[in-house]
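Structure file protein-v3.cif (mmCIF, C-alpha atoms) follows.
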```cif
data_start
#
loop_
_atom_site.label_atom_id
_atom_site.label_comp_id
_atom_site.auth_asym_id
_atom_site.auth_seq_id
_atom_site.Cartn_x
_atom_site.Cartn_y
_atom_site.Cartn_z
CA MET A 1 42.23 70.92 -94.60
CA SER A 2 44.27 70.12 -91.49
CA PHE A 3 45.97 72.90 -89.57
CA LEU A 4 49.13 70.82 -89.05
CA LYS A 5 49.70 67.85 -91.35
CA ILE A 6 52.51 65.36 -90.77
CA GLU A 7 53.05 63.16 -93.82
CA ASP A 8 55.05 59.91 -93.72
CA ILE A 9 57.92 61.20 -91.57
CA HIS A 10 60.95 58.91 -91.40
CA HIS A 11 64.14 59.74 -89.59
CA THR A 12 67.43 57.86 -89.29
CA TYR A 13 70.42 58.86 -87.17
CA PHE A 14 73.77 58.07 -88.80
CA SER A 15 77.11 57.55 -87.10
CA ASN A 16 80.47 56.23 -88.31
CA GLN A 17 79.54 52.76 -87.10
CA ALA A 18 75.82 52.40 -87.71
CA ALA A 19 72.49 53.82 -88.78
CA GLN A 20 69.57 53.82 -86.36
CA THR A 21 66.01 54.46 -87.51
CA ALA A 22 64.23 56.52 -84.86
CA ILE A 23 60.96 57.07 -86.73
CA GLY A 24 59.59 54.54 -89.18
CA GLY A 25 56.88 56.50 -91.00
CA ILE A 26 54.45 58.68 -89.06
CA SER A 27 51.41 60.46 -90.46
CA LEU A 28 48.84 62.42 -88.48
CA ASP A 29 46.64 65.50 -88.66
CA ILE A 30 46.14 68.12 -85.96
CA GLU A 31 43.32 70.65 -86.16
CA LYS A 32 43.53 74.27 -85.07
CA GLY A 33 43.03 74.71 -81.33
CA GLU A 34 43.60 71.02 -80.53
CA PHE A 35 45.82 69.80 -77.72
CA VAL A 36 47.44 66.45 -78.52
CA SER A 37 49.96 64.34 -76.64
CA PHE A 38 52.74 62.01 -77.76
CA LEU A 39 53.07 59.20 -75.22
CA GLY A 40 55.25 56.13 -75.22
CA PRO A 41 58.29 54.28 -73.85
CA SER A 42 61.76 55.81 -73.91
CA GLY A 43 63.38 55.69 -77.33
CA CYS A 44 60.11 55.57 -79.29
CA GLY A 45 60.86 58.71 -81.32
CA LYS A 46 58.33 61.11 -79.82
CA THR A 47 60.93 63.75 -78.92
CA THR A 48 62.60 63.27 -82.32
CA LEU A 49 59.28 64.01 -84.02
CA LEU A 50 58.73 67.07 -81.81
CA SER A 51 62.22 68.34 -82.70
CA ILE A 52 61.49 67.90 -86.41
CA ILE A 53 58.24 69.86 -86.04
CA ALA A 54 60.23 72.55 -84.21
CA GLY A 55 62.62 72.79 -87.16
CA LEU A 56 65.67 71.75 -85.15
CA PHE A 57 66.63 69.39 -87.97
CA PRO A 58 64.94 68.03 -91.13
CA PRO A 59 63.51 64.52 -91.37
CA THR A 60 65.24 61.92 -93.51
CA SER A 61 62.05 61.83 -95.58
CA GLY A 62 58.46 63.04 -95.40
CA LYS A 63 57.05 66.52 -94.93
CA ILE A 64 55.19 68.73 -92.49
CA LEU A 65 52.59 71.26 -93.62
CA LEU A 66 51.26 74.15 -91.56
CA GLU A 67 48.08 75.63 -93.01
CA ASN A 68 48.84 73.68 -96.20
CA LYS A 69 52.31 75.24 -96.58
CA PRO A 70 55.70 73.64 -95.84
CA LEU A 71 56.61 74.36 -92.23
CA LYS A 72 59.76 76.45 -91.92
CA ALA A 73 59.95 76.91 -88.17
CA GLU A 74 63.59 78.00 -88.28
CA HIS A 75 62.69 81.08 -90.34
CA ASP A 76 59.79 82.53 -88.34
CA PHE A 77 57.95 82.46 -85.04
CA SER A 78 55.22 79.99 -86.02
CA ILE A 79 56.46 77.53 -83.39
CA GLY A 80 56.77 78.10 -79.65
CA TYR A 81 58.92 75.58 -77.76
CA MET A 82 58.68 74.99 -74.00
CA LEU A 83 61.10 72.55 -72.35
CA GLN A 84 61.73 70.97 -68.93
CA GLN A 85 64.07 73.83 -68.07
CA ASP A 86 62.86 77.40 -68.35
CA TYR A 87 66.08 78.70 -69.97
CA LEU A 88 65.46 82.23 -68.73
CA PHE A 89 68.52 84.47 -68.96
CA PRO A 90 69.62 84.94 -65.32
CA TRP A 91 71.08 88.41 -65.94
CA LYS A 92 67.83 89.77 -67.40
CA THR A 93 64.67 90.76 -65.54
CA ILE A 94 61.48 88.78 -66.06
CA GLU A 95 60.10 91.51 -68.33
CA GLU A 96 63.31 91.54 -70.37
CA ASN A 97 63.13 87.75 -70.72
CA ILE A 98 59.51 87.83 -71.83
CA THR A 99 60.01 90.60 -74.40
CA LEU A 100 63.15 89.11 -75.97
CA GLY A 101 61.23 87.61 -78.90
CA LEU A 102 59.24 90.81 -79.37
CA ARG A 103 62.50 92.75 -79.67
CA LEU A 104 63.71 90.35 -82.34
CA LEU A 105 60.48 91.13 -84.16
CA LYS A 106 61.33 94.84 -83.68
CA GLN A 107 58.04 95.74 -82.04
CA ASN A 108 57.45 99.13 -80.43
CA GLU A 109 59.03 99.27 -76.95
CA GLY A 110 55.88 100.70 -75.39
CA LEU A 111 53.79 97.92 -76.89
CA GLU A 112 56.34 95.38 -75.67
CA HIS A 113 55.85 96.58 -72.10
CA ILE A 114 52.06 96.53 -72.35
CA LYS A 115 52.08 93.01 -73.79
CA ALA A 116 54.53 91.77 -71.14
CA MET A 117 52.38 93.16 -68.32
CA LYS A 118 49.26 91.58 -69.79
CA LEU A 119 50.94 88.18 -70.16
CA LEU A 120 52.40 88.30 -66.65
CA ASN A 121 48.92 88.95 -65.32
CA GLU A 122 47.52 86.07 -67.44
CA VAL A 123 49.97 83.58 -65.91
CA GLY A 124 49.66 84.87 -62.35
CA LEU A 125 52.99 86.73 -62.19
CA ALA A 126 51.80 90.33 -61.93
CA GLY A 127 54.36 92.41 -60.04
CA THR A 128 57.38 90.25 -60.91
CA GLU A 129 58.48 92.19 -64.01
CA ASN A 130 61.53 93.70 -62.28
CA SER A 131 62.54 90.46 -60.55
CA TYR A 132 65.32 88.16 -61.75
CA PRO A 133 64.83 84.43 -62.40
CA ARG A 134 66.83 83.50 -59.27
CA GLU A 135 64.20 85.26 -57.18
CA LEU A 136 61.36 83.05 -58.44
CA SER A 137 60.41 79.47 -57.63
CA GLY A 138 60.65 76.72 -60.25
CA GLY A 139 56.93 76.90 -60.96
CA MET A 140 57.03 80.68 -61.31
CA ARG A 141 59.94 80.44 -63.74
CA GLN A 142 58.01 77.97 -65.88
CA ARG A 143 55.06 80.37 -65.90
CA ALA A 144 57.43 83.10 -67.05
CA ALA A 145 58.70 80.74 -69.77
CA LEU A 146 55.09 80.19 -70.89
CA ALA A 147 54.54 83.96 -71.07
CA ARG A 148 57.74 84.37 -73.09
CA THR A 149 56.59 81.64 -75.49
CA LEU A 150 53.16 83.22 -75.96
CA ALA A 151 54.55 86.75 -76.40
CA VAL A 152 55.42 86.25 -80.08
CA ASN A 153 51.96 84.76 -80.76
CA PRO A 154 53.12 81.39 -82.16
CA LYS A 155 50.66 79.30 -84.14
CA ILE A 156 51.66 76.08 -82.36
CA LEU A 157 53.15 75.38 -78.94
CA LEU A 158 55.44 72.37 -78.49
CA LEU A 159 55.72 71.21 -74.89
CA ASP A 160 58.55 68.78 -74.14
CA GLU A 161 57.82 67.44 -70.63
CA PRO A 162 57.60 70.99 -69.25
CA PHE A 163 56.39 69.91 -65.80
CA SER A 164 58.62 66.89 -65.16
CA ALA A 165 61.18 68.76 -63.01
CA LEU A 166 58.54 70.22 -60.68
CA ASP A 167 57.06 68.89 -57.45
CA TYR A 168 53.68 67.20 -57.82
CA GLN A 169 51.55 70.01 -56.37
CA THR A 170 53.20 72.64 -58.57
CA LYS A 171 52.87 70.33 -61.58
CA LEU A 172 49.10 69.98 -61.08
CA LYS A 173 48.67 73.75 -60.71
CA LEU A 174 50.68 74.41 -63.87
CA GLU A 175 48.72 71.82 -65.84
CA ASP A 176 45.56 73.79 -65.07
CA LEU A 177 47.22 77.13 -65.84
CA VAL A 178 48.70 76.01 -69.17
CA SER A 179 45.48 74.29 -70.25
CA GLU A 180 43.28 77.29 -69.42
CA THR A 181 45.74 79.78 -70.93
CA LEU A 182 46.06 77.90 -74.22
CA LYS A 183 42.30 77.55 -74.50
CA SER A 184 41.79 81.26 -73.86
CA PHE A 185 44.36 82.08 -76.58
CA GLY A 186 42.94 79.44 -78.95
CA LYS A 187 46.36 77.83 -79.36
CA THR A 188 47.24 74.48 -80.90
CA ALA A 189 49.60 72.43 -78.72
CA VAL A 190 51.62 69.21 -78.84
CA LEU A 191 52.84 67.68 -75.57
CA VAL A 192 55.54 65.02 -75.21
CA THR A 193 55.18 63.19 -71.90
CA HIS A 194 55.85 59.90 -70.11
CA ASP A 195 52.95 60.62 -67.75
CA ILE A 196 49.71 58.86 -68.77
CA GLY A 197 47.66 60.90 -66.31
CA GLU A 198 49.04 64.18 -67.62
CA ALA A 199 48.26 63.18 -71.21
CA ILE A 200 44.66 62.25 -70.36
CA ALA A 201 44.01 65.31 -68.19
CA MET A 202 45.31 67.85 -70.73
CA SER A 203 44.64 66.40 -74.17
CA ASP A 204 41.95 66.13 -76.79
CA ARG A 205 43.75 63.18 -78.35
CA ILE A 206 46.66 60.93 -77.38
CA TYR A 207 49.05 59.22 -79.78
CA LEU A 208 50.69 56.16 -78.22
CA PHE A 209 54.05 55.40 -79.83
CA ALA A 210 55.76 52.03 -80.19
CA SER A 211 59.53 51.87 -80.56
CA LYS A 212 62.32 50.46 -82.75
CA PRO A 213 61.44 52.17 -84.98
CA GLY A 214 59.03 54.77 -83.63
CA VAL A 215 55.54 54.38 -85.06
CA ILE A 216 52.05 55.28 -83.87
CA HIS A 217 50.76 52.15 -82.16
CA LYS A 218 47.31 53.44 -81.21
CA THR A 219 45.32 56.67 -81.00
CA PHE A 220 43.01 57.51 -78.10
CA ASP A 221 40.34 60.21 -78.24
CA VAL A 222 39.76 61.73 -74.81
CA PRO A 223 36.02 61.74 -73.95
CA ASP A 224 34.19 65.07 -74.13
CA GLU A 225 33.30 64.76 -70.44
CA LEU A 226 37.00 64.99 -69.54
CA ARG A 227 37.90 67.64 -72.11
CA GLU A 228 35.31 70.00 -70.64
CA LEU A 229 36.97 69.86 -67.21
CA THR A 230 40.20 71.40 -65.92
CA PRO A 231 43.07 68.88 -65.75
CA PHE A 232 42.81 68.76 -61.95
CA HIS A 233 39.10 67.92 -61.97
CA ALA A 234 39.46 65.55 -64.93
CA ARG A 235 41.69 63.34 -62.76
CA ASN A 236 38.76 62.75 -60.40
CA HIS A 237 36.32 61.64 -63.10
CA LYS A 238 35.46 57.94 -63.48
CA GLN A 239 36.21 58.02 -67.21
CA TYR A 240 39.74 59.21 -66.42
CA THR A 241 40.37 56.02 -64.43
CA ALA A 242 38.97 53.79 -67.18
CA LEU A 243 41.06 55.44 -69.89
CA PHE A 244 44.17 55.39 -67.70
CA GLN A 245 43.84 51.61 -67.22
CA THR A 246 43.30 51.05 -70.95
CA ILE A 247 46.38 53.05 -71.94
CA TRP A 248 48.44 51.50 -69.13
CA LYS A 249 47.74 48.00 -70.46
CA GLU A 250 48.66 49.04 -74.00
CA LEU A 251 51.88 50.65 -72.76
CA GLU A 252 52.81 47.55 -70.77
CA SER A 253 52.33 45.40 -73.87
CA LEU A 254 54.86 47.60 -75.71
CA GLU A 255 57.51 47.47 -73.00
CA TYR A 256 57.66 43.71 -72.51
#
```

Could you spell out this file's structure in structure tokens?
Amino acid sequence: MSFLKIEDIHHTYFSNQAAQTAIGGISLDIEKGEFVSFLGPSGCGKTTLLSIIAGLFPPTSGKILLENKPLKAEHDFSIGYMLQQDYLFPWKTIEENITLGLRLLKQNEGLEHIKAMKLLNEVGLAGTENSYPRELSGGMRQRAALARTLAVNPKILLLDEPFSALDYQTKLKLEDLVSETLKSFGKTAVLVTHDIGEAIAMSDRIYLFASKPGVIHKTFDVPDELRELTPFHARNHKQYTALFQTIWKELESLEY
């Protein structure tokens, strides 16, 4: 039994003038603890599929099962969503931002504080609990956003290009941090990215999407030798280069 099962998802956007099919029938299985990436050209439906998994809107047809039950992300905290922007509330301290979800769950205030301190330490932000978002760098804010996402103990994390707005050095450091943190928590994650290197360095498996409508064109399993390394060190492995070139050629064939 798959942890997350996506069955024949179709989605069409309707306007007064036309109907546009964004996803033309996607099925895939994700096991518990896996990290998978959705990769593909712009307009191929990968963000649409991520939004459907997040419960932002229902698909036109098809279904998504989490632990063999219909996923109802809008009704609980099964899904954690991390975006390009951190969306921290500027008028709240870092601790207040991180514990927001815990307060919605009506957890004990003392336990909230303990959990926030532990998470801040996990993501390398110990001592920032009384700071405000404006006092932190972009990379630090994204780490705080990761801590906030993990605070409610979601079953799945959805990552929508969370590093794309950062400088390259910060991006590489955060790739390592997110990868190591998710492994230590045993979390299942889905990443949407345009970055082939990022997908290879972080993932167990990569789904390459074709567009118009969005379908899965090809699936790539990342070799064990790369999966055992941190994203930074995986980029220096010879198998990384070989897989990068293979995916690059497939992606070029889709764009022309």

**Item:** Selected residue, from A:Ile6, A:Ile196, A:Ala201, A:Leu191, that lies nearest to Glu252 (chain A) when counting all atoms listed in the file
**Value:**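 Going through A:Ile6, A:Ile196, A:Ala201, A:Leu191 one by one, the smallest distance to Glu252 (chain A) is for A:Ile196.
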
**Message:** Taking the file as I've supplied it (selection: the PyMOL selection byres ((chain A and resi 153) around 12)), which residues are included? Please answer as a ChimeraX atom specification.
**Reply:** /A:76-81,99,101-102,105,115,119,146-152,154-157,182,185-188

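Closest approach to Thr12 (chain A) among A:Ala165, A:Leu49, A:Leu229, A:Leu243: A:Leu49, based on only C-alpha atoms.
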
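Among A:Glu7, A:Glu198, A:Glu129, A:Asp167, the residue with the shortest atom-to-atom distance to Ile94 (chain A), counting only C-alpha atoms, is A:Glu129.
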
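Proximity of A:Gln84, A:Ser51, A:Thr230, A:Ser37 to Ile206 (chain A), computed with all atoms listed in the file, is greatest for A:Ser37.
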
**Request:** List every protein, DNA or RNA residue that has an atom no more than 12 Å from (63.7, 77.4, -59.3) in the file's coordinate frame, counting all atoms listed in the file, and report them as a PyMOL selection string.
**Result:** chain A and resi 84-88+90+132-144+165-167+170
